[in-house]
Structure formats: C-alpha cells, structure tokens
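What follows is model.csv (CSV, C-alpha atoms).
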```csv
chain,number,residue,atom,x,y,z
A,6,MET,CA,140.1,18.6,-5.7
A,7,GLU,CA,138.5,21.8,-7.1
A,8,ARG,CA,140.7,24.6,-5.8
A,9,PRO,CA,139.4,27.9,-4.5
A,10,THR,CA,139.6,30.6,-7.1
A,11,ILE,CA,140.1,34.2,-6.1
A,12,GLY,CA,139.3,37.2,-8.3
A,13,ALA,CA,140.0,40.8,-7.6
A,14,TYR,CA,137.9,43.9,-7.0
A,15,THR,CA,139.1,47.3,-5.9
A,16,ASP,CA,138.4,50.2,-3.6
A,17,LEU,CA,141.5,52.1,-4.7
A,18,VAL,CA,140.6,55.1,-6.8
A,19,GLN,CA,142.8,57.9,-5.5
A,20,ILE,CA,145.8,58.5,-7.8
A,21,THR,CA,148.5,60.5,-5.9
A,22,GLU,CA,151.5,60.2,-8.3
A,23,PRO,CA,152.8,63.5,-9.6
A,24,ASP,CA,151.9,64.6,-13.1
A,25,THR,CA,148.8,62.4,-13.2
A,26,SER,CA,146.1,65.0,-13.3
A,27,ASP,CA,144.9,63.7,-16.7
A,28,TYR,CA,144.5,60.2,-15.4
A,29,ALA,CA,141.5,58.5,-14.0
A,30,PRO,CA,141.0,55.1,-12.4
A,31,VAL,CA,139.9,52.3,-14.7
A,32,ALA,CA,137.5,50.7,-12.3
A,33,PRO,CA,135.1,52.6,-10.0
A,34,LYS,CA,135.3,52.2,-6.3
A,35,GLY,CA,133.9,48.8,-5.4
A,36,GLY,CA,134.1,47.6,-9.0
A,37,LEU,CA,135.8,44.6,-10.6
A,38,SER,CA,139.6,45.1,-10.8
A,39,PRO,CA,141.0,45.4,-14.3
A,40,PHE,CA,143.4,42.7,-13.4
A,41,SER,CA,140.8,40.1,-12.6
A,42,THR,CA,139.8,37.3,-15.0
A,43,THR,CA,136.3,35.9,-15.4
A,44,SER,CA,134.7,32.6,-16.5
A,45,LEU,CA,132.0,34.3,-18.6
A,46,THR,CA,133.2,32.6,-21.8
A,47,TRP,CA,133.4,29.2,-20.3
A,48,GLN,CA,130.9,26.5,-21.2
A,49,ALA,CA,127.8,26.5,-19.1
A,50,HIS,CA,128.5,23.3,-17.2
A,51,TRP,CA,131.9,24.5,-15.9
A,52,PRO,CA,132.2,25.7,-12.3
A,53,LEU,CA,131.1,29.3,-11.5
A,54,LYS,CA,134.4,31.1,-11.0
A,55,PRO,CA,135.8,33.0,-9.3
A,56,ASP,CA,134.5,32.0,-5.9
A,57,ILE,CA,135.0,35.4,-4.2
A,58,VAL,CA,136.9,38.7,-5.0
A,59,LEU,CA,139.3,40.6,-2.7
A,60,GLU,CA,141.3,43.8,-3.1
A,61,GLY,CA,143.6,43.5,-6.2
A,62,GLY,CA,144.3,47.1,-7.0
A,63,ASN,CA,143.4,49.4,-9.9
A,64,ALA,CA,145.0,50.9,-13.0
A,65,ALA,CA,145.1,54.5,-14.3
A,66,LYS,CA,144.0,55.6,-17.7
A,67,ASP,CA,144.2,58.6,-19.9
A,68,SER,CA,142.9,59.1,-23.4
A,69,LEU,CA,145.5,56.9,-24.9
A,70,SER,CA,146.4,54.0,-22.6
A,71,ALA,CA,146.2,52.4,-19.1
A,72,VAL,CA,149.1,52.2,-16.8
A,73,GLY,CA,149.9,50.8,-13.3
A,74,ALA,CA,150.3,53.2,-10.3
A,75,SER,CA,151.7,52.6,-6.9
A,76,SER,CA,148.9,54.5,-5.3
A,77,LEU,CA,146.4,52.1,-6.9
A,78,SER,CA,148.3,49.1,-5.5
A,79,LEU,CA,148.6,47.3,-2.2
A,80,LEU,CA,151.5,47.9,0.2
A,81,THR,CA,153.5,44.8,1.1
A,82,THR,CA,157.0,43.8,2.3
A,83,HIS,CA,159.9,43.5,-0.1
A,84,HIS,CA,161.4,40.1,-0.7
A,85,ARG,CA,164.9,41.6,-0.1
A,86,PRO,CA,164.5,43.5,3.2
A,87,ALA,CA,168.2,44.4,3.2
A,88,ASP,CA,167.6,46.4,0.0
A,89,ARG,CA,164.2,47.9,0.9
A,90,LEU,CA,161.5,47.2,3.4
A,91,PHE,CA,158.4,47.7,1.4
A,92,THR,CA,157.1,47.5,-2.2
A,93,THR,CA,153.7,47.3,-3.8
A,94,THR,CA,151.6,44.4,-5.2
A,95,ASN,CA,148.4,44.0,-7.1
A,96,ALA,CA,146.2,41.7,-9.2
A,97,THR,CA,144.9,38.3,-8.2
A,98,SER,CA,148.2,37.5,-6.4
A,99,ALA,CA,147.4,40.2,-3.9
A,100,ALA,CA,143.8,39.1,-3.6
A,101,MET,CA,144.9,35.5,-3.0
A,102,ALA,CA,147.2,36.6,-0.2
A,103,LEU,CA,144.2,38.4,1.4
A,104,ALA,CA,142.1,35.3,1.0
A,105,SER,CA,144.8,33.2,2.8
A,106,ARG,CA,144.8,35.7,5.6
A,107,LEU,CA,141.0,35.6,5.9
A,108,ALA,CA,141.1,31.8,6.1
A,109,ALA,CA,143.8,31.9,8.7
A,110,GLN,CA,141.7,34.3,10.8
A,111,VAL,CA,138.7,32.0,10.7
A,112,MET,CA,140.9,29.0,11.6
A,113,ALA,CA,142.5,30.9,14.5
A,114,VAL,CA,139.1,31.5,16.0
A,115,TYR,CA,137.6,28.1,15.1
A,116,PRO,CA,140.6,25.7,14.9
A,117,ASP,CA,138.4,22.6,14.8
A,118,LEU,CA,136.5,23.5,11.6
A,119,TRP,CA,137.0,21.4,8.5
A,120,PRO,CA,138.6,23.0,5.4
A,121,GLU,CA,135.2,22.5,3.7
A,122,THR,CA,133.6,24.6,6.4
A,123,VAL,CA,136.1,27.4,6.3
A,124,ARG,CA,135.6,27.7,2.6
A,125,ALA,CA,131.8,27.6,3.0
A,126,LEU,CA,131.8,30.3,5.7
A,127,ILE,CA,134.0,32.7,3.6
A,128,VAL,CA,131.8,32.3,0.5
A,129,HIS,CA,128.7,32.5,2.6
A,130,SER,CA,129.8,35.9,4.0
A,131,ALA,CA,130.5,37.4,0.6
A,132,GLU,CA,128.2,40.1,-0.9
A,133,TRP,CA,128.3,42.0,-4.1
A,134,THR,CA,129.1,45.7,-3.9
A,135,GLU,CA,126.7,48.3,-5.3
A,136,ALA,CA,129.3,49.1,-8.0
A,137,MET,CA,129.3,45.4,-9.1
A,138,LYS,CA,125.5,45.4,-9.3
A,139,ARG,CA,125.5,48.6,-11.3
A,140,MET,CA,128.2,47.3,-13.7
A,141,PHE,CA,126.7,43.9,-14.4
A,142,LEU,CA,123.0,43.8,-13.5
A,143,PRO,CA,120.3,45.6,-15.5
A,144,GLN,CA,119.1,48.8,-13.9
A,145,ASP,CA,115.9,49.2,-15.8
A,146,LYS,CA,114.3,45.9,-14.9
A,147,ASP,CA,114.5,43.1,-12.3
A,148,PRO,CA,117.5,40.9,-12.9
A,149,THR,CA,116.9,37.4,-14.2
A,150,LYS,CA,118.7,34.2,-13.0
A,151,GLN,CA,120.9,34.4,-16.1
A,152,ASP,CA,121.8,38.0,-15.1
A,153,TYR,CA,122.9,36.8,-11.7
A,154,SER,CA,124.8,33.8,-13.2
A,155,ASN,CA,126.7,36.3,-15.4
A,156,LEU,CA,127.5,38.4,-12.4
A,157,LEU,CA,128.8,35.3,-10.6
A,158,ARG,CA,131.1,34.5,-13.5
A,159,ARG,CA,132.6,38.0,-13.2
A,160,CYS,CA,132.6,38.7,-9.5
A,161,GLY,CA,132.1,35.4,-7.8
A,162,PHE,CA,129.8,35.6,-4.8
A,163,GLY,CA,131.3,39.0,-4.0
A,164,VAL,CA,133.5,40.4,-1.2
A,165,PRO,CA,133.7,38.4,2.0
A,166,ASP,CA,133.6,40.1,5.4
A,167,ILE,CA,135.4,38.8,8.5
A,168,ASP,CA,132.7,40.0,10.8
A,169,ARG,CA,130.0,38.2,8.9
A,170,VAL,CA,132.2,35.1,8.9
A,171,LEU,CA,132.7,35.0,12.6
A,172,TRP,CA,129.7,36.5,14.2
A,173,SER,CA,125.9,36.5,14.0
A,174,VAL,CA,124.0,39.7,14.7
A,175,GLY,CA,120.7,39.8,16.5
A,176,ASN,CA,118.5,39.9,13.4
A,177,SER,CA,120.4,37.1,11.6
A,178,LEU,CA,120.9,33.5,12.4
A,179,THR,CA,123.4,30.9,11.0
A,180,MET,CA,123.4,27.1,11.1
A,181,VAL,CA,126.7,25.3,10.4
A,182,VAL,CA,126.6,21.5,9.7
A,183,GLU,CA,129.6,19.3,9.2
A,184,GLU,CA,128.6,15.9,8.0
A,185,SER,CA,129.6,12.8,5.9
A,186,LEU,CA,127.7,10.5,3.7
A,187,HIS,CA,128.2,7.5,1.4
A,188,PRO,CA,127.2,8.8,-2.1
A,189,PHE,CA,127.1,5.3,-3.6
A,190,LYS,CA,126.8,1.6,-2.8
A,191,ARG,CA,127.2,-1.6,-4.8
A,192,GLU,CA,125.5,-4.9,-4.4
A,193,ILE,CA,127.1,-8.1,-5.5
A,194,GLY,CA,126.7,-8.6,-9.3
A,195,LYS,CA,125.2,-5.2,-9.8
A,196,GLN,CA,126.4,-1.7,-10.8
A,197,PRO,CA,126.8,0.9,-8.1
A,198,THR,CA,123.8,3.0,-7.2
A,199,LEU,CA,123.0,6.1,-5.2
A,200,ARG,CA,123.0,5.5,-1.4
A,201,ASP,CA,122.6,8.2,1.2
A,202,MET,CA,120.5,11.3,1.4
A,203,HIS,CA,120.6,13.6,4.5
A,204,LEU,CA,117.6,15.6,5.7
A,205,HIS,CA,118.4,18.5,8.1
A,206,ASN,CA,115.7,20.1,10.1
A,207,LEU,CA,116.0,23.9,10.1
A,208,PRO,CA,115.9,25.3,13.7
A,209,TRP,CA,114.1,28.5,12.7
A,210,PRO,CA,111.7,30.0,15.3
A,211,CYS,CA,108.5,29.3,13.2
A,212,ASP,CA,106.2,31.2,15.6
A,213,VAL,CA,108.4,34.3,15.4
A,214,LEU,CA,108.6,34.0,11.6
A,215,GLU,CA,104.8,33.5,11.3
A,216,SER,CA,104.2,36.5,13.5
A,217,LEU,CA,106.2,38.6,11.0
A,218,GLY,CA,103.8,37.7,8.2
A,219,GLU,CA,104.5,39.5,5.0
A,220,THR,CA,107.8,40.9,6.2
A,221,SER,CA,110.6,40.2,3.7
A,222,VAL,CA,113.3,37.8,4.9
A,223,GLU,CA,116.3,36.2,3.2
A,224,MET,CA,117.7,32.7,3.5
A,225,ARG,CA,121.1,31.8,2.2
A,226,VAL,CA,122.4,28.3,1.7
A,227,THR,CA,126.0,27.3,0.9
A,228,LEU,CA,127.2,23.7,0.4
A,229,SER,CA,130.9,23.0,0.2
A,230,TYR,CA,132.7,19.7,-0.4
A,231,PHE,CA,135.9,18.5,-2.2
A,232,ILE,CA,136.1,16.0,-5.0
A,233,GLU,CA,138.6,13.5,-6.2
A,234,PRO,CA,139.3,14.5,-9.8
A,235,ASN,CA,139.5,12.3,-12.8
A,236,PRO,CA,141.6,14.2,-15.4
A,237,SER,CA,140.7,11.7,-18.2
A,238,GLY,CA,137.0,12.8,-18.3
A,239,ARG,CA,135.7,16.3,-18.7
A,240,GLY,CA,132.3,16.1,-20.4
A,241,PRO,CA,129.4,17.2,-18.3
A,242,LEU,CA,127.2,14.2,-19.2
A,243,SER,CA,130.1,11.8,-20.0
A,244,ARG,CA,130.1,8.4,-18.3
A,245,TYR,CA,133.6,9.2,-17.4
A,246,ARG,CA,133.1,12.3,-15.3
A,247,TYR,CA,135.8,14.6,-14.0
A,248,GLU,CA,134.4,14.7,-10.4
A,249,SER,CA,134.4,11.7,-8.2
A,250,HIS,CA,130.9,12.6,-6.9
A,251,GLY,CA,128.5,15.5,-6.8
A,252,LEU,CA,126.4,16.8,-4.0
A,253,ARG,CA,123.3,19.0,-4.3
A,254,PHE,CA,121.0,20.8,-1.9
A,255,ASP,CA,117.3,21.6,-2.0
A,256,VAL,CA,114.8,23.1,0.5
A,257,LYS,CA,111.3,21.8,1.3
A,258,ARG,CA,108.7,23.9,-0.3
A,259,ALA,CA,105.7,25.5,1.4
A,260,LEU,CA,102.9,22.9,2.0
A,261,GLU,CA,105.1,20.1,0.9
A,262,SER,CA,105.1,17.0,3.2
A,263,THR,CA,108.3,15.3,4.2
A,264,ASP,CA,107.4,12.3,2.1
A,265,ASP,CA,106.7,14.4,-1.0
A,266,PHE,CA,109.9,16.3,-0.4
A,267,ARG,CA,111.9,13.0,-0.3
A,268,LYS,CA,110.2,11.8,-3.5
A,269,ARG,CA,111.1,15.0,-5.2
A,270,ILE,CA,114.7,14.7,-4.2
A,271,ASN,CA,114.9,11.2,-5.4
A,272,LEU,CA,113.5,12.3,-8.7
A,273,ALA,CA,116.0,15.2,-8.9
A,274,ALA,CA,118.9,12.7,-8.3
A,275,ARG,CA,117.7,10.5,-11.1
A,276,ASP,CA,117.3,13.5,-13.4
A,277,GLU,CA,121.0,14.3,-12.7
A,278,GLU,CA,121.9,10.8,-13.8
A,279,GLU,CA,120.1,11.2,-17.1
A,280,GLY,CA,121.0,14.8,-18.0
A,281,PRO,CA,119.9,18.3,-17.0
A,282,ARG,CA,117.6,18.1,-14.0
A,283,ARG,CA,113.9,18.9,-14.3
A,284,SER,CA,113.0,21.9,-12.1
A,285,GLY,CA,109.8,23.6,-11.4
A,286,SER,CA,109.4,27.3,-11.0
A,287,GLU,CA,111.8,28.8,-8.5
A,288,PRO,CA,110.9,32.5,-8.4
A,289,HIS,CA,112.3,33.1,-4.9
A,290,TRP,CA,115.9,31.8,-5.6
A,291,LEU,CA,118.4,34.3,-7.1
A,292,ILE,CA,120.3,31.7,-9.1
A,293,GLY,CA,118.1,28.5,-9.1
A,294,ALA,CA,119.0,24.9,-9.2
A,295,GLN,CA,119.8,25.0,-12.9
A,296,GLY,CA,122.5,27.5,-12.4
A,297,ARG,CA,124.0,27.0,-8.9
A,298,HIS,CA,125.0,23.4,-9.1
A,299,ARG,CA,128.3,23.9,-10.9
A,300,GLY,CA,131.6,22.6,-9.5
A,301,SER,CA,131.8,21.6,-5.8
A,302,LEU,CA,130.7,24.8,-4.2
A,303,HIS,CA,127.0,25.8,-4.3
A,304,SER,CA,125.5,28.9,-2.8
A,305,ASP,CA,122.1,30.6,-3.4
A,306,ILE,CA,119.8,33.1,-1.8
A,307,TRP,CA,116.1,32.7,-1.3
A,308,ARG,CA,114.0,35.9,-0.8
A,309,GLY,CA,110.4,35.8,0.3
A,310,THR,CA,108.0,36.5,3.2
A,311,ALA,CA,108.7,35.4,6.8
A,312,ALA,CA,105.4,33.3,6.8
A,313,ASP,CA,106.5,31.5,3.7
A,314,LEU,CA,109.9,30.7,5.1
A,315,ALA,CA,108.3,29.4,8.3
A,316,SER,CA,106.8,26.5,6.3
A,317,ARG,CA,110.1,25.5,4.7
A,318,GLY,CA,111.5,23.5,7.7
A,319,ALA,CA,113.9,21.1,6.1
A,320,ILE,CA,116.9,21.0,3.7
A,321,ALA,CA,118.2,18.0,1.8
A,322,VAL,CA,121.7,17.1,0.8
A,323,TYR,CA,121.9,14.3,-1.8
A,324,PRO,CA,124.5,12.8,-4.1
A,325,THR,CA,124.7,12.8,-7.9
A,326,ALA,CA,126.8,10.6,-10.2
A,327,GLY,CA,130.6,10.8,-10.5
A,328,TRP,CA,133.3,8.5,-11.6
A,329,TRP,CA,133.3,6.7,-8.2
A,330,LYS,CA,130.0,5.3,-9.5
A,331,THR,CA,130.5,5.0,-13.2
A,332,ARG,CA,134.0,3.4,-13.0
A,333,PRO,CA,133.5,0.5,-10.6
A,334,LYS,CA,136.7,-1.2,-11.5
A,335,PHE,CA,138.6,1.4,-9.4
A,336,GLU,CA,136.5,0.3,-6.4
A,337,ARG,CA,135.9,3.8,-5.0
A,338,TYR,CA,132.1,3.4,-4.7
A,339,ASP,CA,132.3,2.8,-0.9
A,340,GLN,CA,134.1,6.0,-0.2
A,341,ILE,CA,132.7,8.5,2.3
A,342,ALA,CA,132.2,12.1,1.2
A,343,ARG,CA,132.4,15.0,3.7
A,344,TYR,CA,130.5,18.2,3.3
A,345,ALA,CA,129.8,21.5,5.1
A,346,LEU,CA,126.4,23.1,4.9
A,347,VAL,CA,125.8,26.7,6.0
A,348,VAL,CA,122.3,28.1,6.2
A,349,SER,CA,121.4,31.5,7.5
A,350,ILE,CA,118.3,33.7,7.7
A,351,LYS,CA,118.2,37.5,7.9
A,352,ALA,CA,115.3,39.8,8.6
A,353,PRO,CA,116.9,43.2,7.8
A,354,GLU,CA,113.6,45.2,7.9
A,355,VAL,CA,112.6,44.5,11.5
A,356,ASP,CA,114.1,44.8,14.9
A,357,VAL,CA,113.6,41.2,16.0
A,358,ASP,CA,116.2,39.1,17.9
A,359,LEU,CA,116.2,35.9,15.9
A,360,TYR,CA,119.4,34.7,17.5
A,361,THR,CA,118.0,34.7,21.1
A,362,GLU,CA,114.8,33.1,19.9
A,363,VAL,CA,116.6,30.1,18.6
A,364,ALA,CA,119.4,29.9,21.2
A,365,ASN,CA,117.8,27.0,23.0
A,366,LEU,CA,116.9,25.0,20.0
A,367,ILE,CA,119.2,22.3,18.6
A,368,ALA,CA,119.1,21.2,15.0
A,369,SER,CA,118.5,17.5,14.5
A,370,THR,CA,119.8,15.5,11.5
A,371,VAL,CA,117.9,12.6,10.0
A,372,GLN,CA,119.8,10.3,7.7
A,373,VAL,CA,117.7,8.6,5.1
A,374,GLU,CA,119.0,5.7,2.9
A,375,THR,CA,117.5,5.7,-0.6
```

How would this structure read if it were set down as structure tokens?
Amino acid sequence: MERPTIGAYTDLVQITEPDTSDYAPVAPKGGLSPFSTTSLTWQAHWPLKPDIVLEGGNAAKDSLSAVGASSLSLLTTHHRPADRLFTTTNATSAAMALASRLAAQVMAVYPDLWPETVRALIVHSAEWTEAMKRMFLPQDKDPTKQDYSNLLRRCGFGVPDIDRVLWSVGNSLTMVVEESLHPFKREIGKQPTLRDMHLHNLPWPCDVLESLGETSVEMRVTLSYFIEPNPSGRGPLSRYRYESHGLRFDVKRALESTDDFRKRINLAARDEEEGPRRSGSEPHWLIGAQGRHRGSLHSDIWRGTAADLASRGAIAVYPTAGWWKTRPKFERYDQIARYALVVSIKAPEVDVDLYTEVANLIASTVQVET
C-alpha cells in the first residue's frame, strides 16, 4: 500500500546556546523545516508528498554555514536511560513520532475507526501556516492551482490539529463515511470492466445555507483508501499500473440533476481509462481534479457562497483502472475496496450553529451500479 509520508515544519526559532549571538534560525516560525524533503521535482503523475508536516526542528546559520542546535530540536528520552534520561531529536524522524502519537490519540477516542479513516481525519484537519503561504504562494496575486500544487509538494496539506480531528465546533460540520465497493467486474468471455459507483447525499441544512446567501463558506473533501501495489509497473498510463485500483471523488454542480451528475461521473471514469481526464472549469476548487487525484489520498477545498453550496447536495466516489482490472490472469477483479470519505463545511464569517441544525439529519447512501 501507499504509506503515509510525514514532512517537517518548525515553530522552534529561539536559539539559547552560549556564543550564538551571530546565529539566526534557518526557517521562520511556522515555516518548512530545513530537514524536510519535498516531491517538487517528481514527475507530475506521482503522489503529492508529504501528506502532512509536524514539528521537526530547525537549524542555526551564520554568514558561513548552518549547524544544528539543541535548543532548535525536540526533547526526547535517551535510548540508554542508565547513562542519561534525555536527549534531543529532530528532522522527519521526530515528525514521524509525533504523527504516530496523533494517530494513537485518534484511535484511543474512536477505537472502531478504520485505518483509512484515521488517516483521512488527520489529513482533513491539516492547515497551512501563514509562514508556509508566505514562503511558497505568490503574495502579489491570487494563487493558481499550480501554485497550490507546488505548496502541497513542499508542505503536504499542512499541520494537523488534534482538536480539529476530534471535535466539530458550532460553525463547522463534518460527515465521516466508511464504505466498501467493488471497483471491477468480469463477465464470462469478456475483459473486466468498471462496476460500482457510490453517491452520497450531503446532509447540509440547505435552508440555513440558502438564508446565508452570498456569505462565503468552505467545503473540504478528503478521500482515503489503500491499494495493493504492483511493483512491476510504474507508468501513469501503462496497462500494467502500479496501483491495484484508483478511487476518485466529485461533487454535484449547481443546477445539475442527479442523472446528469451520474452521466458526468461515468464520462470521467472513461476518461481516466484513456488518459488525462477531461475537466470543465473548476474555479472554486483550490487544487482541482487535474491535480488532486494523485496516489491514494485525495483532499481538496471548495470555496464559494452558501447559496451555491446549498445546491451541491451529492458527492460521488467512483473507481478508475488499476492492475486488478488490466491483469485479469491474477483474478483480483472481484476484490472489494474500502474507503473513508470525510466532508466538512465551515462558515467562519457568521455566528450560525450548523452543527445543531443538522444534528437530527442522517446521511443516506445510494449505491449505483454502472
């Protein structure tokens, strides 16, 4: 499966060692740690990495060089407690330990969640710091989807927050779905074809959203699943793909009927079979379908008016080709694929209790075979 990838950022900027008055921190507070690696030079079809960033420490620099410093590192226990109790750690090893702790905290509160869901919730809670946006997004114009893609390949989806993972506040609302589908089917004497598509109704309080009119709201969607890898194939359009299957999500557009939405999803699935998918204008999405569907973890943010969001009442999860389909001799085309879908809306500009409004509504799932 595609493993979670943790990068590092840092809030550590205070250097306290003696004789360091000429030194300054390499990274600003909230910026990307100098010990973190990126996927900026990877080919465009490769996954967006890292997934998230957590504290990994900083380095100190003078006019000649950069050096490590204990005050810019994290405190941890020593591996030989008989010799000493504590030591320091840094870089992505420290960030990975913090990510493991975060996952353990989520699993302690919600022990029945799938691993796919824990991963989705952590990524869904992540946000970019202001320092990251200053470092990697243009400040003199509105960022493009490519700008956000480049930010993702440096800082992932940002820094996760345990409170946002576990709790919903009054002006935000989160739906969590754990589901399974059959990506493919095979009839006797024929090649495998696509099988299941899921349509999930969004339980948003439409009357409340419509009453907010032109108020700006934000919807975030995260889709998480695991694949069965095929190490013999790495090409993005190769018949022998690396991933066993792919899943995608899309949201119903304003004024689009359910039938038209289903037809558009079927067309998108066929486009994925033949090459890069066709996509209309997506001005409200930060990353867009062309950029977000990399790897097995997809997250994107839609920003628009409350009235517009009220008319987008459904989200589809549908399969795309993988080696389960293209290599039928292995007889994996009947496998079930699990996924976690997390969808949230937030109205930060107004004092409206979205959570209470939807408390008595229950999301329904309609499974459609195509």

How would you write as a list in words the residues that get within 9 Å of (154.2, 47.4, 9.1) in the file's frame, counting all atoms listed in the file?
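Answer for this query, in the requested form: Thr81, Thr82 and Phe91 of chain A.
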
Give the answer as one residue: which of A:Val222, A:Met140, A:Ile350, A:Leu59 has the shortest atom-to-atom distance to Ala99 of chain A, using only C-alpha atoms?
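Distance minimum relative to Ala99 of chain A lands on A:Leu59.
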
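Shortest separation to Thr198 of chain A among A:Trp51, A:Phe162, A:Tyr230, A:Tyr338 occurs at residue A:Tyr338, atoms counted being only C-alpha atoms.
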
Nearest residue to Leu103 of chain A from the set A:Val322, A:Val58, A:Leu199, A:Val226 (distances using only C-alpha atoms):
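Of the candidates, the smallest distance to Leu103 of chain A is held by A:Val58.
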
So the first atom is atom CA of Asn95 of chain A and the second is atom CA of Asn63 of chain A; what is the distance between them in Å, to one decimal place?
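Atom CA of Asn63 of chain A lies at a distance of 7.9 Å from atom CA of Asn95 of chain A.
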
Have a look at atom CA of Gly161 of chain A and atom CA of Lys54 of chain A and let me know their distance in Å, one decimal.
5.8 Å

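Among the candidates A:Met137, A:Leu346, A:Leu17, A:Ile270, the residue lying nearest to Ser75 of chain A is A:Leu17 (atoms considered: only C-alpha atoms).
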
Residues within 8 Å of (124.9, 31.6, 8.8), file coords, only C-alpha atoms, listed as a list of chain:residue names:
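The residues near that point, listed by chain and number, are A:Leu126, A:His129, A:Ser173, A:Ser177, A:Leu178, A:Thr179, A:Met180, A:Val181, A:Arg225, A:Val347, A:Val348, A:Ser349, A:Ile350.
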
With C-alpha atoms retained, could you export that selection as a PDB file, keeping the file's coordinate frame?
```pdb
ATOM      1  CA  LEU A 126     131.800  30.300   5.700  1.00  0.00           C
ATOM      2  CA  HIS A 129     128.700  32.500   2.600  1.00  0.00           C
ATOM      3  CA  SER A 173     125.900  36.500  14.000  1.00  0.00           C
ATOM      4  CA  SER A 177     120.400  37.100  11.600  1.00  0.00           C
ATOM      5  CA  LEU A 178     120.900  33.500  12.400  1.00  0.00           C
ATOM      6  CA  THR A 179     123.400  30.900  11.000  1.00  0.00           C
ATOM      7  CA  MET A 180     123.400  27.100  11.100  1.00  0.00           C
ATOM      8  CA  VAL A 181     126.700  25.300  10.400  1.00  0.00           C
ATOM      9  CA  ARG A 225     121.100  31.800   2.200  1.00  0.00           C
ATOM     10  CA  VAL A 347     125.800  26.700   6.000  1.00  0.00           C
ATOM     11  CA  VAL A 348     122.300  28.100   6.200  1.00  0.00           C
ATOM     12  CA  SER A 349     121.400  31.500   7.500  1.00  0.00           C
ATOM     13  CA  ILE A 350     118.300  33.700   7.700  1.00  0.00           C
TER      14      ILE A 350
END
```

Smallest atom-to-atom distance to Tyr28 of chain A: which of A:Ser229, A:Thr93, A:Ser154, A:Ser70, using only C-alpha atoms?
A:Ser70

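Take atom CA of Ala311 of chain A and atom CA of Leu291 of chain A: the distance between them is 17.0 Å.
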
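Closest approach to Ala319 of chain A among A:Ala345, A:Leu260, A:Ile167, A:Ile292 is made by A:Leu260 (distances from only C-alpha atoms).
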
Which residues come within 12 Å of segment 76-80 of chain A, counting all atoms listed in the file, excluding same-chain residues fewer than 3 positions away, as a VMD selection string?
chain A and resid 13 to 23 25 28 to 34 38 to 40 59 to 66 72 to 73 83 90 to 100 102 to 103
